[in-house]
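Peer 1: Once you've had a glance at the structure underneath, I'll fire off some questions.
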Amino acid sequence: MIKRLFEKIRLFWPLTKSLQTGLLVATGMAGYMSARCPVHNLSTMLGLFFSLLASIAGSTILNMWWDRDIDSKMERTKARPLASGKIKPKEALWVGLIISFLGVGMALFMNIGFGIIIFAGLFFDFVVYTIWLKRRTCWSIVWGGISGGMPILAGRFLGIGSLDWIGVVLALGILLWIPTHILTFNMRYAKDYLNAEIPTVVSVYGVKVNHAIIAGSSILAAIAMGMASWGIGITWGCLRLLSVLSVGLILLAIFLIFRPSERINFGLFKYASIYMLSSMLLMVV
């Protein structure tokens with residue numbers, strides 16, 4: 001029985017997109033720790049971690065369940081457990097619903113406002129982005145970005161007990177980072193998205209517009225994280241380090257505008273992920 005359980009976990013693990021889920025959980029933890037010392041709030045930290053992990057992982061499984069038909073048409077995703085038939089759709093649906101319910105339920109038990117923000121992130125991600133807009137418009141990424149900004153907003157809310165401009169700007173920074181991730185994949189796997197009939201910025205507006213949006217959103221993300229860090233009151237040394245990292249991000253974005261290439265685009269994509277994780281760590285420190 002134990003062996004069978006581990007086999008199920010192994011099959012379901014790819015459905016959670018563990019790296020993406022882990023990064024979003026980290027932003028939520030950073031949002032909380034930007035206002036509270038974790039050493040004196042370990043029980044709350046554990047509740048925050050597990051509620052975020054369950055709700056984000058559950059939402060991702062639901063997304064995979066809904067998109068199993070288009071995943072089967074794409075070379076990059078056709079080996080996923082649902083697309084390849086290794087997991088039954090009904091089973092994935094129930095697992096996604098149960099894990100999501102547990103995550104949101106735990107969040108509501110901890111704090112009503114915190115739970116509402118977590119639920120809003122799940123709703124925007126699964127219902128608005130995945131079900132309603134993803135197959136209709138390339139601008140669905142905006143709503144996907146909003147859902148991606150909810151964990152850090154929720155963490156900040158739990159830390160101070162209310163919404164403030166810093167939490168909103170932190171969420172905006174995440175929203176502006178997400179196009180760098182999504183649009184790079186849209187361009188790198190353009191044929192896959194065409195086969196699946198998913199509209200993307202590069203297929204609707206072309207490569208130049210795609211590069212411009214990636215570059216512009218990266219620059220604005222750096223500005224947003226700088227403003228939020230200043231508002232939090234991080235030390236001067238950390239702020240200087242963040243400034244150096246931000247300059248690197250902005251320079252790569254400028255290079256992408258004036259000397260566009262796949263190499264620079266992918267370099268910006270990787271640097272932006274490192275930049276965002278470093279920003280979270282500096283805010284915690």
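Residue names in the structure tokens use chain letters A, B, ... in the order shown, residue numbers from 1 in each chain, and ligand numbers from 1 in the order shown.
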Leaving out Ile70 of chain A and any residue of its chain fewer than 4 positions from it, which residues lie within 12 Å of it when counting only C-alpha atoms, given as a compact mmCIF listing (two decimals) with N, CA and C atoms, in the first residue's frame?

Peer 2:
```
# COMPACT_ATOMS: atom_id res chain seq x y z
N ASN A 63 -5.57 23.20 -13.42
CA ASN A 63 -5.18 23.74 -14.73
C ASN A 63 -4.76 22.63 -15.68
N MET A 64 -3.95 21.71 -15.15
CA MET A 64 -3.48 20.58 -15.96
C MET A 64 -4.67 19.71 -16.41
N TRP A 65 -5.62 19.53 -15.50
CA TRP A 65 -6.81 18.73 -15.83
C TRP A 65 -7.59 19.39 -16.98
N TRP A 66 -7.79 20.69 -16.91
CA TRP A 66 -8.55 21.39 -17.94
C TRP A 66 -7.80 21.42 -19.28
N MET A 74 1.04 19.29 -27.87
CA MET A 74 2.30 20.03 -27.82
C MET A 74 3.46 19.09 -27.47
N GLU A 75 4.55 19.19 -28.23
CA GLU A 75 5.71 18.33 -27.99
C GLU A 75 6.25 18.51 -26.57
N ARG A 76 6.24 19.76 -26.10
CA ARG A 76 6.80 20.06 -24.78
C ARG A 76 6.00 19.44 -23.65
N THR A 77 4.71 19.23 -23.84
CA THR A 77 3.84 18.82 -22.73
C THR A 77 3.13 17.49 -22.93
N LYS A 78 3.32 16.85 -24.09
CA LYS A 78 2.53 15.65 -24.37
C LYS A 78 2.88 14.47 -23.47
N ALA A 79 4.03 14.51 -22.81
CA ALA A 79 4.43 13.42 -21.90
C ALA A 79 3.91 13.62 -20.48
N ARG A 80 3.23 14.73 -20.21
CA ARG A 80 2.68 14.96 -18.88
C ARG A 80 1.68 13.85 -18.52
N LEU A 82 -1.33 13.52 -17.35
CA LEU A 82 -2.71 13.57 -17.84
C LEU A 82 -2.77 13.48 -19.36
N ALA A 83 -1.91 14.22 -20.03
CA ALA A 83 -1.91 14.22 -21.50
C ALA A 83 -1.55 12.85 -22.06
N SER A 84 -0.69 12.11 -21.34
CA SER A 84 -0.24 10.80 -21.82
C SER A 84 -1.13 9.66 -21.33
N THR A 130 -7.37 30.26 -17.07
CA THR A 130 -7.31 28.97 -17.77
C THR A 130 -8.59 28.64 -18.53
N LYS A 134 -7.59 31.87 -21.72
CA LYS A 134 -6.35 31.33 -22.31
C LYS A 134 -6.51 30.92 -23.77
N ARG A 135 -7.65 30.36 -24.13
CA ARG A 135 -7.85 29.89 -25.50
C ARG A 135 -8.50 30.95 -26.39
N ASP A 192 4.39 24.75 -31.07
CA ASP A 192 3.52 24.00 -30.15
C ASP A 192 2.22 24.75 -29.89
N TYR A 193 2.34 26.06 -29.63
CA TYR A 193 1.15 26.86 -29.33
C TYR A 193 0.26 27.00 -30.56
N LEU A 194 0.86 27.07 -31.73
CA LEU A 194 0.06 27.11 -32.96
C LEU A 194 -0.69 25.80 -33.16
N ASN A 195 -0.03 24.67 -32.91
CA ASN A 195 -0.68 23.36 -33.04
C ASN A 195 -1.84 23.22 -32.07
N ALA A 196 -1.67 23.81 -30.89
CA ALA A 196 -2.72 23.72 -29.87
C ALA A 196 -3.77 24.82 -30.02
N GLU A 197 -3.56 25.73 -30.98
CA GLU A 197 -4.49 26.84 -31.26
C GLU A 197 -4.65 27.77 -30.05
N ILE A 198 -3.53 28.03 -29.39
CA ILE A 198 -3.51 28.96 -28.27
C ILE A 198 -2.92 30.29 -28.76
```

Peer 1: Which neighbours of Gly149 of chain A fall inside 12 Å, counting only C-alpha atoms, when residues of the same chain fewer than 3 positions from it are skipped, and could you give them as a count of residues only?

Peer 2: 38

Peer 1: Would you list the contacts of Phe266 of chain A as a PyMOL selection string, taking every protein, DNA or RNA residue within 10 Å and counting only C-alpha atoms, but skipping same-chain residues closer than 6 positions in sequence?

Peer 2: chain A and resi 180-181+184-185+188+256+272

Peer 1: Taking the DSSP assignment computed from this structure's backbone, write out as a PyMOL selection string all residues of segment 99-215 of chain A that belong to alpha helix (DSSP H).

Peer 2: chain A and resi 99-110+112-123+140-160+165-188+190-195+201-204+207-215

Peer 1: Within 6 Å of segment 6-19 of chain A, counting only C-alpha atoms, which residues show up once you throw out same-chain ones fewer than 5 positions away? Write them as a ChimeraX atom specification, please.

Peer 2: /A:57,60-61

Peer 1: So that I can see what lies close to Ile219 of chain A, please list as number ranges by chain the residues with an atom at most 8 Å from it, counting only C-alpha atoms and leaving out residues fewer than 6 positions away in the same chain.

Peer 2: A: 249-250, 253

Peer 1: From the set A:Gly248, A:Pro81, A:Gly22, A:Gly115, which residue has the shortest atom-to-atom contact distance to Leu102 of chain A, counting only C-alpha atoms?

Peer 2: A:Gly115

Peer 1: Distance atom CA of Thr137 of chain A-atom CA of Val202 of chain A, one decimal place?

Peer 2: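 Between these atoms lies a distance of 12.0 Å.
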
Peer 1: Can you tell me, as an MDAnalysis selection string, what residues are no more than 12 Å from Gly226 of chain A when counting only C-alpha atoms, ignoring any on the same chain fewer than 4 positions away?

Peer 2: chainID A and resid 166 169:170 172:173 219:222 230:234 238:247 275:276 279:280 282:283

Peer 1: Please measure the separation of atom CA of Ile112 of chain A and atom CA of Thr44 of chain A, giving the value in Å to one decimal.

Peer 2: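 The value is 14.1 Å.
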
Peer 1: Enter the distance from atom CA of Asn210 of chain A to atom CA of Met187 of chain A, in Å, rounded to one decimal.

Peer 2: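 Going from atom CA of Asn210 of chain A over to atom CA of Met187 of chain A, I get 8.1 Å.
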
Peer 1: Can you tell me, as a count of residues only, what residues are no more than 12 Å from Gly105 of chain A when counting only C-alpha atoms, ignoring any on the same chain fewer than 3 positions away?

Peer 2: 23
